[in-house]
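Accompanying notes for the structure given below.
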Amino acid sequence: MKKPILFITVLVFCCFSLQISAQISLGIKGGYVKAWAEYGDIILPDNATIHVNRFQVSGLAYFKVNNYVSIGIEPGFAQRGAACFPGWVNFEDSVEISLLLTYLEWPLMVSVNIPVFSEKFEVFGKVGYGAARVLTAYRIDSFLEGDELPIKTRLTSGPPPFLRGLDNGIYGSLGLGYNLGQNQIFLESNYYYGMRDVERSSTSKNRSLHFALGYITSL
């Protein structure tokens, strides 16, 4: 009696596992990041450059809820920062100071996918929330006068005391995918809205635009 029950239990478990795995998709994406900081009420010159050019790479793991909605995570490495960081300008020495940060992030996302053009293409939108931790922080001293080259200084292996080691924020994405059977190649634009000040004593929330190329496959 025990053997048939054990066999049925294993069979049901295997069928359930196959059903679950058929709804899981894994992938990777990476690309250019335009990052800057939100300074609050600070008035900047019209020609001020506040963004820095960075890079991001993320893994993708999604569970399909139905034909249109999926829930997943996108852990990865995101480079952010800002040029002309608030309060970090030494006018006496004509030095402008930038900040370059690398985060390990773990956002939870909800994706809505809509097939178009005979289901060969797919447009999608995502929204999510996640936390991130600083892995490295660099200070760039750029001299506004003279021929001196910028000086890049690694602050520590993690954030110094005047910087927050953790960040959290909201993600929003729009994209277009091209379906190849169980696989998909996609282009995506992502906006990140940080909710904490990076520098503890001034308004300095992370903002970034991410333009990525990615690949995802259904298991």
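Chain labels A, B, ... are given in the sequence in which chains occur in the structure tokens; within each chain residues are numbered consecutively from 1, and ligands are likewise numbered from 1 in the order shown.
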Per-residue DSSP, region 42-187 of chain A, filtered to strand (DSSP E or B), as a PyMOL selection string: chain A and resi 52-64+69-73+76-82+89-90+95-116+121-143+151-156+163+166-180+183-187
I want to know what sits within 9 Å of Asn67 (chain A), based on only C-alpha atoms, with residues of the same chain fewer than 2 positions away left out; could you give that as JSON, numbers by chain? {"A": [64, 65, 69, 70, 113, 114]}
Can you spit out the residues from that selection as a compact mmCIF listing (two decimals), in the first residue's frame, using N, CA, C and O atoms?
```txt
# COMPACT_ATOMS: atom_id res chain seq x y z
N LYS A 64 5.45 33.56 -14.29
CA LYS A 64 4.30 33.97 -15.09
C LYS A 64 3.01 33.69 -14.33
O LYS A 64 2.66 32.55 -14.03
N VAL A 65 2.26 34.76 -14.03
CA VAL A 65 0.99 34.64 -13.32
C VAL A 65 -0.12 34.24 -14.28
O VAL A 65 -0.94 33.36 -14.00
N VAL A 69 0.64 38.92 -17.22
CA VAL A 69 1.28 39.45 -16.00
C VAL A 69 2.33 38.47 -15.48
O VAL A 69 2.09 37.27 -15.41
N SER A 70 3.49 39.03 -15.13
CA SER A 70 4.56 38.25 -14.51
C SER A 70 5.12 39.01 -13.30
O SER A 70 5.10 40.24 -13.28
N ASN A 113 2.87 42.30 -20.10
CA ASN A 113 3.33 42.06 -21.47
C ASN A 113 2.14 41.93 -22.40
O ASN A 113 1.21 41.18 -22.13
N ILE A 114 2.18 42.65 -23.53
CA ILE A 114 1.08 42.63 -24.49
C ILE A 114 1.64 42.27 -25.87
O ILE A 114 2.44 43.01 -26.43
```
How many Å separate CA of Asn66 (chain A) from CA of Ala132 (chain A)? 29.1 Å
Contacts of region 74-82 of chain A within 7 Å, only C-alpha atoms, excl. fewer than 2 positions in-chain, as a PyMOL selection string: chain A and resi 35-37+50-52+54-61+72+84-85+98-108
Please produce an output containing C-alpha atoms for each residue in the selection, written as a PDB file, in the first residue's frame.
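The resulting file, result02.pdb, is shown below:
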```pdb
ATOM      1  CA  ALA A  35      22.780  59.006 -13.489  1.00  0.00           C
ATOM      2  CA  TRP A  36      22.401  62.190 -11.478  1.00  0.00           C
ATOM      3  CA  ALA A  37      21.210  63.428  -8.083  1.00  0.00           C
ATOM      4  CA  ILE A  50      25.002  67.146 -13.214  1.00  0.00           C
ATOM      5  CA  HIS A  51      24.853  63.670 -14.766  1.00  0.00           C
ATOM      6  CA  VAL A  52      27.531  61.009 -15.108  1.00  0.00           C
ATOM      7  CA  ARG A  54      27.567  54.786 -16.049  1.00  0.00           C
ATOM      8  CA  PHE A  55      26.746  51.103 -16.687  1.00  0.00           C
ATOM      9  CA  GLN A  56      24.362  48.486 -15.330  1.00  0.00           C
ATOM     10  CA  VAL A  57      23.986  44.701 -15.639  1.00  0.00           C
ATOM     11  CA  SER A  58      21.160  42.640 -14.114  1.00  0.00           C
ATOM     12  CA  GLY A  59      19.867  39.097 -14.008  1.00  0.00           C
ATOM     13  CA  LEU A  60      16.173  38.369 -14.554  1.00  0.00           C
ATOM     14  CA  ALA A  61      13.969  35.735 -12.912  1.00  0.00           C
ATOM     15  CA  GLY A  72       9.989  38.685 -10.734  1.00  0.00           C
ATOM     16  CA  CYS A  84      28.796  68.657  -9.249  1.00  0.00           C
ATOM     17  CA  PHE A  85      27.704  66.889  -6.076  1.00  0.00           C
ATOM     18  CA  SER A  98      31.773  64.337  -8.454  1.00  0.00           C
ATOM     19  CA  LEU A  99      30.705  61.081  -6.850  1.00  0.00           C
ATOM     20  CA  LEU A 100      30.676  57.641  -8.509  1.00  0.00           C
ATOM     21  CA  LEU A 101      28.843  54.808  -6.754  1.00  0.00           C
ATOM     22  CA  THR A 102      28.378  51.121  -7.517  1.00  0.00           C
ATOM     23  CA  TYR A 103      25.344  49.415  -5.975  1.00  0.00           C
ATOM     24  CA  LEU A 104      24.229  45.835  -5.557  1.00  0.00           C
ATOM     25  CA  GLU A 105      20.466  46.084  -6.061  1.00  0.00           C
ATOM     26  CA  TRP A 106      17.552  43.672  -5.689  1.00  0.00           C
ATOM     27  CA  PRO A 107      14.282  45.078  -7.103  1.00  0.00           C
ATOM     28  CA  LEU A 108      10.969  43.235  -7.069  1.00  0.00           C
TER      29      LEU A 108
END
```
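Atom pair CA of Val33 (chain A) / CA of Lys152 (chain A): separated by 19.8 Å.
For the pair CA of Val127 (chain A) and CA of Thr49 (chain A), the interatomic distance is 28.4 Å.
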Polymer residues at most 8 Å from Gly175 (chain A), only C-alpha atoms, same-chain spacing of 5 or more positions, as a ChimeraX atom specification: /A:123-125,186-189
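The smallest atom-to-atom distance between Thr203 (chain A) and any of A:Glu96, A:Ser218, A:Leu135, A:Leu163, using only C-alpha atoms, is found for A:Leu163.
If only C-alpha atoms are the atoms counted, then among A:Ser208, A:Ser25, A:Ser118, A:Thr153 the closest residue to Ile73 (chain A) is A:Ser25.
Considering only C-alpha atoms, the residue among A:Ile97, A:Ile216, A:Leu209, A:Leu26 positioned nearest to Ser173 (chain A) is A:Leu209.
Candidate residues A:Glu199, A:Ile185, A:Leu155, A:Arg207 were compared for distance to Ile28 (chain A), and the nearest is A:Ile185, using only C-alpha atoms.
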Using only C-alpha atoms, the residue out of A:Phe211, A:Phe162, A:Tyr171, A:Tyr178 with shortest distance to Val198 (chain A) is A:Phe162
Among listed residues A:Val116, A:Ala212, A:Ile151, A:Ile170, nearest Gly128 (chain A) (using only C-alpha atoms): A:Ile170
What's the 6 Å shell around Gly172 (chain A), counting only C-alpha atoms, without same-chain residues fewer than 5 positions away, as a short mmCIF file (atom, residue, chain, number, x, y, z; two decimals) with N, CA, C and O atoms, in the first residue's frame?
```cif
data_model
loop_
_atom_site.label_atom_id
_atom_site.label_comp_id
_atom_site.auth_asym_id
_atom_site.auth_seq_id
_atom_site.Cartn_x
_atom_site.Cartn_y
_atom_site.Cartn_z
N LYS A 126 6.89 47.76 -16.82
CA LYS A 126 7.21 47.21 -15.51
C LYS A 126 7.14 48.32 -14.46
O LYS A 126 7.43 49.47 -14.74
N VAL A 127 6.81 47.92 -13.25
CA VAL A 127 6.89 48.81 -12.10
C VAL A 127 7.36 47.98 -10.91
O VAL A 127 7.04 46.79 -10.82
N ASN A 190 14.57 52.20 -18.50
CA ASN A 190 14.19 52.09 -17.10
C ASN A 190 14.52 53.39 -16.37
O ASN A 190 15.59 53.96 -16.58
N TYR A 191 13.60 53.85 -15.53
CA TYR A 191 13.84 55.04 -14.70
C TYR A 191 13.86 54.63 -13.24
O TYR A 191 12.98 53.90 -12.77
#
```
Quick one: everything within 7 Å of Asp167 (chain A), counting only C-alpha atoms, minus sequence neighbours fewer than 5 positions away in the same chain. Send it as a PyMOL selection string. chain A and resi 131-133+194+196
